[in-house]
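Q: For reference, this is upload-v9.cif, and it has mmCIF, C-alpha atoms.
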```
data_run
loop_
_atom_site.group_PDB
_atom_site.id
_atom_site.type_symbol
_atom_site.label_atom_id
_atom_site.label_comp_id
_atom_site.auth_asym_id
_atom_site.auth_seq_id
_atom_site.Cartn_x
_atom_site.Cartn_y
_atom_site.Cartn_z
ATOM 1 C CA MET H 1 -6.770 24.045 -23.268
ATOM 2 C CA ARG H 2 -8.966 22.221 -20.753
ATOM 3 C CA ALA H 3 -8.651 23.182 -17.099
ATOM 4 C CA VAL H 4 -10.453 22.809 -13.788
ATOM 5 C CA ARG H 5 -11.525 26.271 -12.639
ATOM 6 C CA ILE H 6 -12.988 27.526 -9.365
ATOM 7 C CA ASP H 7 -15.399 30.406 -10.042
ATOM 8 C CA GLY H 8 -16.862 30.791 -6.552
ATOM 9 C CA PRO H 9 -17.881 28.838 -3.448
ATOM 10 C CA GLY H 10 -18.982 25.411 -4.653
ATOM 11 C CA ARG H 11 -18.672 26.460 -8.299
ATOM 12 C CA VAL H 12 -16.082 24.230 -10.003
ATOM 13 C CA ALA H 13 -16.070 23.016 -13.599
ATOM 14 C CA VAL H 14 -13.824 21.864 -16.419
ATOM 15 C CA VAL H 15 -13.630 24.755 -18.886
ATOM 16 C CA ASP H 16 -11.783 25.737 -22.046
ATOM 17 C CA VAL H 17 -9.290 28.552 -21.409
ATOM 18 C CA PRO H 18 -6.311 29.989 -23.323
ATOM 19 C CA GLU H 19 -2.926 28.438 -22.652
ATOM 20 C CA PRO H 20 -0.860 30.516 -20.198
ATOM 21 C CA ALA H 21 1.806 32.840 -21.563
ATOM 22 C CA PRO H 22 5.131 32.222 -19.769
ATOM 23 C CA GLY H 23 6.724 35.255 -18.117
ATOM 24 C CA ASP H 24 10.416 36.096 -17.952
ATOM 25 C CA GLY H 25 12.402 33.083 -16.793
ATOM 26 C CA GLU H 26 9.376 30.785 -17.043
ATOM 27 C CA VAL H 27 8.694 27.637 -19.037
ATOM 28 C CA LEU H 28 5.521 25.827 -20.010
ATOM 29 C CA VAL H 29 4.928 22.379 -18.547
ATOM 30 C CA ALA H 30 2.542 20.038 -20.345
ATOM 31 C CA VAL H 31 0.819 18.489 -17.346
ATOM 32 C CA ARG H 32 0.622 14.698 -17.263
ATOM 33 C CA ALA H 33 -0.502 14.190 -13.658
ATOM 34 C CA ALA H 34 -1.752 16.467 -10.875
ATOM 35 C CA ALA H 35 -2.924 15.466 -7.408
ATOM 36 C CA VAL H 36 -5.788 16.860 -5.344
ATOM 37 C CA CYS H 37 -5.098 17.936 -1.763
ATOM 38 C CA ALA H 38 -7.065 19.350 1.160
ATOM 39 C CA THR H 39 -6.102 22.904 0.184
ATOM 40 C CA ASP H 40 -7.735 22.435 -3.222
ATOM 41 C CA ARG H 41 -10.885 21.112 -1.536
ATOM 42 C CA ARG H 42 -11.039 24.133 0.799
ATOM 43 C CA MET H 43 -10.582 26.521 -2.118
ATOM 44 C CA ALA H 44 -13.395 24.797 -4.011
ATOM 45 C CA ALA H 45 -15.737 24.960 -1.020
ATOM 46 C CA MET H 46 -14.943 28.527 0.042
ATOM 47 C CA GLY H 47 -14.173 30.099 -3.324
ATOM 48 C CA THR H 48 -11.208 32.247 -4.340
ATOM 49 C CA HIS H 49 -10.667 36.004 -4.745
ATOM 50 C CA ALA H 50 -10.685 35.553 -8.520
ATOM 51 C CA PRO H 51 -11.347 32.598 -10.824
ATOM 52 C CA ARG H 52 -8.512 30.145 -10.181
ATOM 53 C CA ILE H 53 -7.130 26.938 -11.657
ATOM 54 C CA PRO H 54 -6.050 24.918 -8.596
ATOM 55 C CA GLY H 55 -3.394 22.233 -8.361
ATOM 56 C CA HIS H 56 0.057 22.522 -6.795
ATOM 57 C CA GLU H 57 1.109 18.847 -6.835
ATOM 58 C CA ILE H 58 2.155 18.586 -10.481
ATOM 59 C CA ALA H 59 4.281 16.596 -12.928
ATOM 60 C CA GLY H 60 4.586 16.860 -16.688
ATOM 61 C CA THR H 61 6.971 17.404 -19.560
ATOM 62 C CA LEU H 62 8.890 20.331 -20.980
ATOM 63 C CA GLU H 63 8.748 21.288 -24.647
ATOM 64 C CA ASP H 64 11.710 19.002 -25.363
ATOM 65 C CA GLY H 65 9.965 16.049 -23.685
ATOM 66 C CA THR H 66 11.951 16.108 -20.411
ATOM 67 C CA PRO H 67 9.795 14.728 -17.550
ATOM 68 C CA VAL H 68 9.733 17.159 -14.621
ATOM 69 C CA GLY H 69 8.144 17.754 -11.265
ATOM 70 C CA VAL H 70 7.041 21.209 -10.172
ATOM 71 C CA HIS H 71 7.984 22.924 -6.911
ATOM 72 C CA PRO H 72 5.110 25.384 -6.341
ATOM 73 C CA ASN H 73 6.316 27.808 -3.616
ATOM 74 C CA LEU H 74 7.567 30.974 -5.319
ATOM 75 C CA GLY H 75 9.205 33.836 -3.417
ATOM 76 C CA CYS H 76 9.832 37.455 -4.339
ATOM 77 C CA GLY H 77 13.581 36.857 -4.760
ATOM 78 C CA ARG H 78 14.453 40.038 -2.841
ATOM 79 C CA CYS H 79 13.731 39.485 0.862
ATOM 80 C CA ALA H 80 15.939 37.973 3.580
ATOM 81 C CA SER H 81 14.077 34.639 3.479
ATOM 82 C CA CYS H 82 14.506 34.311 -0.272
ATOM 83 C CA ALA H 83 18.219 35.140 0.093
ATOM 84 C CA LEU H 84 18.473 32.064 2.350
ATOM 85 C CA GLY H 85 16.589 29.881 -0.141
ATOM 86 C CA LEU H 86 13.535 29.831 2.138
ATOM 87 C CA GLU H 87 11.015 31.026 -0.422
ATOM 88 C CA ASN H 88 8.200 29.337 1.496
ATOM 89 C CA ARG H 89 8.779 31.945 4.255
ATOM 90 C CA CYS H 90 8.665 34.907 1.865
ATOM 91 C CA PRO H 91 6.053 37.445 3.059
ATOM 92 C CA ASP H 92 5.131 38.059 -0.595
ATOM 93 C CA HIS H 93 5.163 34.437 -1.740
ATOM 94 C CA VAL H 94 2.939 33.386 -4.621
ATOM 95 C CA ASP H 95 2.162 29.677 -4.785
ATOM 96 C CA ILE H 96 1.284 27.874 -7.996
ATOM 97 C CA GLY H 97 -2.289 26.647 -7.776
ATOM 98 C CA ILE H 98 -3.196 28.994 -4.938
ATOM 99 C CA GLN H 99 -2.283 32.628 -5.637
ATOM 100 C CA ARG H 100 -1.700 31.907 -9.348
ATOM 101 C CA ASP H 101 -3.095 29.322 -11.740
ATOM 102 C CA GLY H 102 -1.986 25.769 -11.146
ATOM 103 C CA GLY H 103 -1.663 22.340 -12.647
ATOM 104 C CA LEU H 104 -5.178 20.894 -12.816
ATOM 105 C CA ALA H 105 -4.995 21.862 -16.471
ATOM 106 C CA GLN H 106 -3.302 20.711 -19.635
ATOM 107 C CA VAL H 107 -0.532 23.338 -19.403
ATOM 108 C CA VAL H 108 0.949 25.381 -16.550
ATOM 109 C CA ALA H 109 3.567 28.161 -16.559
ATOM 110 C CA VAL H 110 6.391 27.637 -14.055
ATOM 111 C CA PRO H 111 9.607 29.534 -13.254
ATOM 112 C CA ARG H 112 12.499 27.529 -14.725
ATOM 113 C CA ALA H 113 14.195 27.309 -11.304
ATOM 114 C CA HIS H 114 11.142 25.485 -9.943
ATOM 115 C CA VAL H 115 11.057 22.583 -12.402
ATOM 116 C CA VAL H 116 13.033 19.521 -11.321
ATOM 117 C CA ALA H 117 13.990 16.743 -13.746
ATOM 118 C CA LEU H 118 12.498 13.427 -12.634
ATOM 119 C CA GLU H 119 15.443 11.376 -13.969
ATOM 120 C CA GLY H 120 13.550 8.133 -14.351
ATOM 121 C CA PHE H 121 11.040 8.510 -11.522
ATOM 122 C CA PRO H 122 7.523 7.653 -12.774
ATOM 123 C CA ILE H 123 5.706 10.768 -13.910
ATOM 124 C CA GLU H 124 2.329 9.358 -12.807
ATOM 125 C CA THR H 125 3.598 9.180 -9.208
ATOM 126 C CA ALA H 126 5.670 12.362 -9.176
ATOM 127 C CA PRO H 127 2.895 14.711 -7.891
ATOM 128 C CA LEU H 128 3.354 13.003 -4.505
ATOM 129 C CA VAL H 129 6.885 14.406 -4.211
ATOM 130 C CA GLU H 130 5.481 17.855 -3.367
ATOM 131 C CA PRO H 131 3.628 16.836 -0.175
ATOM 132 C CA LEU H 132 6.651 14.727 0.802
ATOM 133 C CA ALA H 133 8.847 17.826 0.431
ATOM 134 C CA THR H 134 6.619 19.842 2.770
ATOM 135 C CA VAL H 135 6.862 17.293 5.583
ATOM 136 C CA LEU H 136 10.606 16.860 5.064
ATOM 137 C CA HIS H 137 10.887 20.610 5.621
ATOM 138 C CA ALA H 138 8.702 20.347 8.726
ATOM 139 C CA ALA H 139 10.590 17.360 10.123
ATOM 140 C CA LYS H 140 13.910 19.218 9.884
ATOM 141 C CA LEU H 141 12.541 21.757 12.371
ATOM 142 C CA LEU H 142 11.992 18.973 14.905
ATOM 143 C CA GLU H 143 15.762 18.279 15.029
ATOM 144 C CA VAL H 144 15.388 14.494 14.796
ATOM 145 C CA LEU H 145 18.012 12.284 16.454
ATOM 146 C CA GLU H 146 18.659 8.646 15.574
ATOM 147 C CA GLY H 147 16.213 6.425 17.476
ATOM 148 C CA ASP H 148 13.986 9.303 18.621
ATOM 149 C CA PRO H 149 10.499 8.155 19.652
ATOM 150 C CA ALA H 150 7.979 10.158 17.625
ATOM 151 C CA VAL H 151 4.265 10.358 16.952
ATOM 152 C CA VAL H 152 2.436 11.704 13.917
ATOM 153 C CA VAL H 153 -1.100 12.938 14.617
ATOM 154 C CA GLY H 154 -3.280 12.283 11.574
ATOM 155 C CA ALA H 155 -3.058 9.595 8.904
ATOM 156 C CA GLY H 156 -4.087 11.484 5.805
ATOM 157 C CA SER H 157 -1.669 11.696 2.895
ATOM 158 C CA LEU H 158 0.464 14.295 4.692
ATOM 159 C CA GLY H 159 0.479 12.274 7.907
ATOM 160 C CA ILE H 160 1.689 9.181 6.038
ATOM 161 C CA CYS H 161 4.349 11.249 4.260
ATOM 162 C CA ALA H 162 5.384 12.716 7.639
ATOM 163 C CA MET H 163 5.722 9.206 9.058
ATOM 164 C CA TRP H 164 7.990 8.246 6.157
ATOM 165 C CA ALA H 165 10.040 11.463 6.477
ATOM 166 C CA LEU H 166 10.647 10.952 10.206
ATOM 167 C CA LYS H 167 11.534 7.287 9.690
ATOM 168 C CA ALA H 168 13.990 8.263 6.940
ATOM 169 C CA MET H 169 15.647 10.563 9.488
ATOM 170 C CA GLY H 170 16.059 7.692 11.960
ATOM 171 C CA ALA H 171 13.042 8.113 14.257
ATOM 172 C CA ARG H 172 10.753 5.364 15.553
ATOM 173 C CA VAL H 173 7.308 6.558 14.492
ATOM 174 C CA ILE H 174 3.771 5.722 15.578
ATOM 175 C CA VAL H 175 0.622 7.287 14.142
ATOM 176 C CA MET H 176 -2.433 8.492 16.058
ATOM 177 C CA GLN H 177 -5.642 8.580 14.023
ATOM 178 C CA ARG H 178 -9.307 8.573 15.019
ATOM 179 C CA SER H 179 -10.457 6.673 11.905
ATOM 180 C CA PRO H 180 -9.894 2.888 12.063
ATOM 181 C CA ALA H 181 -9.632 2.768 8.250
ATOM 182 C CA ARG H 182 -6.834 5.335 8.256
ATOM 183 C CA ARG H 183 -5.098 3.595 11.172
ATOM 184 C CA GLY H 184 -5.093 0.461 9.053
ATOM 185 C CA ILE H 185 -3.510 2.338 6.145
ATOM 186 C CA ALA H 186 -0.799 3.752 8.428
ATOM 187 C CA ALA H 187 0.012 0.258 9.683
ATOM 188 C CA GLU H 188 0.184 -1.074 6.115
ATOM 189 C CA MET H 189 2.409 1.829 5.076
ATOM 190 C CA GLY H 190 5.054 1.058 7.707
ATOM 191 C CA ALA H 191 4.150 2.791 10.979
ATOM 192 C CA ASP H 192 5.927 1.306 13.994
ATOM 193 C CA GLY H 193 2.557 1.342 15.752
ATOM 194 C CA VAL H 194 -0.889 2.924 15.505
ATOM 195 C CA LEU H 195 -3.365 4.115 18.105
ATOM 196 C CA GLY H 196 -6.572 6.063 18.587
ATOM 197 C CA PRO H 197 -7.023 9.210 20.707
ATOM 198 C CA GLU H 198 -7.504 7.157 23.885
ATOM 199 C CA GLY H 199 -4.321 5.155 23.325
ATOM 200 C CA ASP H 200 -1.036 5.555 25.195
ATOM 201 C CA PRO H 201 1.951 6.397 22.952
ATOM 202 C CA ALA H 202 4.415 5.419 25.699
ATOM 203 C CA GLY H 203 2.859 1.970 25.851
ATOM 204 C CA ILE H 204 3.861 1.369 22.231
ATOM 205 C CA LEU H 205 7.164 3.260 22.083
ATOM 206 C CA GLY H 206 8.394 2.285 25.555
ATOM 207 C CA ALA H 207 8.660 5.979 26.467
ATOM 208 C CA ARG H 208 6.811 9.195 25.813
ATOM 209 C CA PRO H 209 7.527 10.493 22.317
ATOM 210 C CA ARG H 210 10.154 13.239 22.220
ATOM 211 C CA LEU H 211 8.748 14.514 18.938
ATOM 212 C CA ALA H 212 5.262 15.054 17.526
ATOM 213 C CA LEU H 213 4.189 16.247 14.096
ATOM 214 C CA VAL H 214 0.537 17.274 14.019
ATOM 215 C CA ALA H 215 -0.870 16.732 10.535
ATOM 216 C CA ALA H 216 -4.526 16.952 11.590
ATOM 217 C CA PRO H 217 -6.362 20.287 11.922
ATOM 218 C CA GLY H 218 -7.987 21.676 15.046
ATOM 219 C CA ALA H 219 -7.114 22.524 18.633
ATOM 220 C CA GLU H 220 -7.922 19.019 19.882
ATOM 221 C CA ALA H 221 -5.231 17.329 17.780
ATOM 222 C CA LEU H 222 -2.610 19.896 18.772
ATOM 223 C CA ALA H 223 -3.501 19.681 22.478
ATOM 224 C CA TRP H 224 -3.293 15.878 22.309
ATOM 225 C CA ALA H 225 0.308 16.140 21.119
ATOM 226 C CA LEU H 226 1.321 18.864 23.590
ATOM 227 C CA GLU H 227 0.011 16.779 26.486
ATOM 228 C CA ARG H 228 1.669 13.516 25.464
ATOM 229 C CA VAL H 229 5.195 14.370 24.333
ATOM 230 C CA GLU H 230 8.048 14.068 26.789
ATOM 231 C CA VAL H 231 8.909 17.047 28.984
ATOM 232 C CA GLY H 232 11.292 19.101 26.894
ATOM 233 C CA GLY H 233 9.909 17.602 23.681
ATOM 234 C CA ARG H 234 9.212 19.316 20.374
ATOM 235 C CA VAL H 235 5.883 19.622 18.573
ATOM 236 C CA HIS H 236 5.327 20.763 14.989
ATOM 237 C CA ALA H 237 1.928 22.333 14.217
ATOM 238 C CA PHE H 238 1.822 21.350 10.558
ATOM 239 C CA ALA H 239 -1.915 21.429 9.801
ATOM 240 C CA GLY H 240 -3.675 24.722 9.223
ATOM 241 C CA THR H 241 -7.091 25.243 10.813
ATOM 242 C CA PRO H 242 -9.720 27.647 9.404
ATOM 243 C CA GLY H 243 -10.448 30.154 12.162
ATOM 244 C CA GLY H 244 -7.335 29.155 14.112
ATOM 245 C CA ALA H 245 -6.609 26.649 16.887
ATOM 246 C CA LEU H 246 -6.077 27.975 20.404
ATOM 247 C CA VAL H 247 -3.124 26.594 22.369
ATOM 248 C CA ASP H 248 -2.822 26.309 26.157
ATOM 249 C CA ALA H 249 0.392 28.267 26.711
ATOM 250 C CA ASN H 250 0.779 26.664 30.141
ATOM 251 C CA LEU H 251 1.369 23.301 28.481
ATOM 252 C CA VAL H 252 4.250 24.791 26.510
ATOM 253 C CA HIS H 253 5.564 26.809 29.454
ATOM 254 C CA TYR H 254 5.457 24.282 32.293
ATOM 255 C CA ARG H 255 6.392 21.282 30.177
ATOM 256 C CA HIS H 256 9.407 23.060 28.603
ATOM 257 C CA LEU H 257 8.179 22.316 25.088
ATOM 258 C CA GLY H 258 9.381 23.588 21.760
ATOM 259 C CA LEU H 259 6.439 24.449 19.484
ATOM 260 C CA VAL H 260 7.242 25.132 15.831
ATOM 261 C CA GLY H 261 5.370 25.367 12.559
ATOM 262 C CA SER H 262 5.909 25.644 8.840
ATOM 263 C CA THR H 263 4.118 25.485 5.518
ATOM 264 C CA GLY H 264 5.405 24.651 2.078
ATOM 265 C CA SER H 265 8.972 23.715 1.255
ATOM 266 C CA THR H 266 12.112 24.777 -0.573
ATOM 267 C CA VAL H 267 13.403 23.566 -3.926
ATOM 268 C CA GLU H 268 16.104 21.664 -2.023
ATOM 269 C CA ASP H 269 13.433 19.923 0.076
ATOM 270 C CA TYR H 270 11.736 18.919 -3.184
ATOM 271 C CA ARG H 271 14.981 17.537 -4.589
ATOM 272 C CA ARG H 272 15.556 15.624 -1.357
ATOM 273 C CA GLY H 273 12.038 14.180 -1.481
ATOM 274 C CA LEU H 274 12.574 13.050 -5.064
ATOM 275 C CA GLU H 275 15.898 11.463 -4.085
ATOM 276 C CA LEU H 276 14.288 9.529 -1.201
ATOM 277 C CA ALA H 277 11.417 8.380 -3.409
ATOM 278 C CA ARG H 278 13.705 7.362 -6.275
ATOM 279 C CA SER H 279 15.944 5.363 -3.925
ATOM 280 C CA GLY H 280 12.993 3.537 -2.374
ATOM 281 C CA ALA H 281 13.720 4.945 1.102
ATOM 282 C CA VAL H 282 10.214 6.428 0.916
ATOM 283 C CA PRO H 283 7.794 4.010 -0.795
ATOM 284 C CA LEU H 284 5.865 6.341 -3.092
ATOM 285 C CA PRO H 285 3.162 5.835 -4.151
ATOM 286 C CA PRO H 286 1.037 4.583 -1.276
ATOM 287 C CA ALA H 287 -1.305 1.792 -2.285
ATOM 288 C CA ALA H 288 -4.371 3.909 -1.491
ATOM 289 C CA VAL H 289 -4.106 6.162 -4.578
ATOM 290 C CA ARG H 290 -7.111 6.701 -6.852
ATOM 291 C CA PRO H 291 -6.470 7.770 -10.465
ATOM 292 C CA VAL H 292 -9.192 9.814 -12.176
ATOM 293 C CA PRO H 293 -9.566 11.683 -15.481
ATOM 294 C CA LEU H 294 -9.447 15.478 -15.405
ATOM 295 C CA GLY H 295 -13.202 15.628 -16.038
ATOM 296 C CA ASP H 296 -13.908 13.935 -12.700
ATOM 297 C CA VAL H 297 -11.928 16.452 -10.633
ATOM 298 C CA PRO H 298 -14.789 18.935 -9.927
ATOM 299 C CA GLY H 299 -16.759 16.119 -8.310
ATOM 300 C CA VAL H 300 -13.729 15.048 -6.304
ATOM 301 C CA LEU H 301 -13.152 18.606 -5.068
ATOM 302 C CA LEU H 302 -16.767 19.025 -3.981
ATOM 303 C CA ASP H 303 -17.291 15.540 -2.537
ATOM 304 C CA PRO H 304 -18.691 16.143 0.987
ATOM 305 C CA ALA H 305 -17.593 12.702 2.236
ATOM 306 C CA PRO H 306 -14.316 11.567 0.644
ATOM 307 C CA ASP H 307 -13.532 7.864 0.974
ATOM 308 C CA PRO H 308 -11.258 7.484 4.040
ATOM 309 C CA GLY H 309 -9.653 4.492 2.342
ATOM 310 C CA VAL H 310 -8.241 6.736 -0.393
ATOM 311 C CA LEU H 311 -5.184 8.754 0.609
ATOM 312 C CA LYS H 312 -4.679 10.668 -2.617
ATOM 313 C CA VAL H 313 -6.569 11.315 -5.863
ATOM 314 C CA ILE H 314 -4.323 11.891 -8.893
ATOM 315 C CA ALA H 315 -5.777 13.296 -12.115
ATOM 316 C CA ALA H 316 -4.388 12.026 -15.403
ATOM 317 C CA VAL H 317 -4.331 15.074 -17.674
#
```
Show me the file's structure as structure tokens.

A:
Amino acid sequence: MRAVRIDGPGRVAVVDVPEPAPGDGEVLVAVRAAAVCATDRRMAAMGTHAPRIPGHEIAGTLEDGTPVGVHPNLGCGRCASCALGLENRCPDHVDIGIQRDGGLAQVVAVPRAHVVALEGFPIETAPLVEPLATVLHAAKLLEVLEGDPAVVVGAGSLGICAMWALKAMGARVIVMQRSPARRGIAAEMGADGVLGPEGDPAGILGARPRLALVAAPGAEALAWALERVEVGGRVHAFAGTPGGALVDANLVHYRHLGLVGSTGSTVEDYRRGLELARSGAVPLPPAAVRPVPLGDVPGVLLDPAPDPGVLKVIAAV
């Protein structure tokens, strides 16, 4: 089969490899669409411990033709987190497309419990359910109340999905983004307001935001949120930062803030994301999606200056 493979830092190509052999309790998914995310780009730039087929935002068909989406966060099945269904917290988790081969290929092996029938949702759009599931999981930790003023920091694909997730939970949501192009996308996608780093969230919301979800990497983005939420507010550090992002503990301490974080999602989060997308409560896909053939993916992964007007690249496999 054809697959995108990372063989080292900056070494990415489409290669011919054997089809995967499914393990116990696994099925083969014939991939129809797989999206590229920032994690895939980092892996391509930095390399992996062993040759790896990336891709964890995946949709395809089972052997009988059933269209399915893939939930990629796999736990050990034995620990306390897994017993609670929180496989994304498993200390020994193995994620499809990261610690094991993923879906930027013609076929991927997936545990049967992690394939979800699409039930009429378009297969070409279904890879976007996975990032939506991750921000739904994150938003739950913010304990959203109806009418809560909230700000999302960052208007990449995850920031837009976070905006939709918070709005679906009843919050009033504005988006802070440095890039004017991305601010424009956030406004088009339904943000209740947009602003740059120098803007005043309270001026748009009528009060300081009680909640902030930080979907942009780096200490600056996190500090911006910690300084601007209401006293007693909650901030979710959703974006990972290579090398870490230092936090001023005094901001958390003296402003009585709740600071939380998460990565990945559960199968139930994935099902909930699919339900919201199917119902139209979350308008997947965003307009700023770029379809490409599988052969173009290495160039996409290694592009040093991705188009800020494109939120998500989806490979047709």

Q: Taking into account all atoms listed in the file, which residue in the set H:Gly309, H:Gly273, H:Gly218, H:Pro91 is nearest to Val289 (chain H)?

A: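 Checking each candidate against Val289 (chain H), we get H:Gly309 as the closest.
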
Q: Point out the residue among H:Lys140, H:Arg41, H:Arg11, H:His93 with the least atom-to-atom distance to Cys79 (chain H), counting only C-alpha atoms.

A: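 Closest to Cys79 (chain H) of all the choices is H:His93.
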
Q: I'd like the box whose edges run along x, y and z of the file and which contains every listed atom of region 184-196 of chain H, padded by 6 Å per side; could you state its centre and edge lengths in Å, one decimal, as AutoDock Vina command-line options?

A:
```
--center_x -0.3 --center_y 2.5 --center_z 11.8 --size_x 24.5 --size_y 19.1 --size_z 25.5
```

Q: For the structure shown, which residues end up in the PyMOL selection byres ((chain H and resi 59-65) around 10)? Put them as a PyMOL selection string, please?

A: chain H and resi 27-35+56-58+66-71+103+106-108+115-118+122-130+317

Q: Considering only C-alpha atoms, return as a CSV table (one decimal) with C-alpha atoms, in the frame of the given file whatever protein or nucleic-acid residues lie within 10 Å of Arg89 (chain H), sequence-local ones (same chain, fewer than 5 positions apart) excluded.

A:
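So part-v9.csv came out as:
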```csv
chain,number,residue,atom,x,y,z
H,73,ASN,CA,6.3,27.8,-3.6
H,74,LEU,CA,7.6,31.0,-5.3
H,75,GLY,CA,9.2,33.8,-3.4
H,79,CYS,CA,13.7,39.5,0.9
H,80,ALA,CA,15.9,38.0,3.6
H,81,SER,CA,14.1,34.6,3.5
H,82,CYS,CA,14.5,34.3,-0.3
H,84,LEU,CA,18.5,32.1,2.4
H,262,SER,CA,5.9,25.6,8.8
H,263,THR,CA,4.1,25.5,5.5
H,264,GLY,CA,5.4,24.7,2.1
H,265,SER,CA,9.0,23.7,1.3
H,266,THR,CA,12.1,24.8,-0.6
```

Q: How many Å lie between CA of Gly156 (chain H) and CA of Trp224 (chain H), rounded to one decimal?

A: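 Between these atoms lies a distance of 17.1 Å.
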
Q: Could you tell me which residues the PyMOL selection byres ((chain H and resi 137) around 12) grabs in this file, written as a PyMOL selection string?

A: chain H and resi 86+88-89+130-136+138-144+161-162+165-166+169+213+236+238+260-273

Q: Write out as JSON lines the residues of region 94-154 of chain H that have any atom within 10 Å of an atom of region 176-186 of chain H, one row each with the nearest atom pair and its distance in Å to one decimal, counting only C-alpha atoms, sorted by chain and then rising number.

A:
```
{"residue": "H:Val151", "atom": "CA", "partner": "H:Met176", "partner_atom": "CA", "distance": 7.0}
{"residue": "H:Val152", "atom": "CA", "partner": "H:Met176", "partner_atom": "CA", "distance": 6.2}
{"residue": "H:Val153", "atom": "CA", "partner": "H:Met176", "partner_atom": "CA", "distance": 4.9}
{"residue": "H:Gly154", "atom": "CA", "partner": "H:Gln177", "partner_atom": "CA", "distance": 5.0}
```
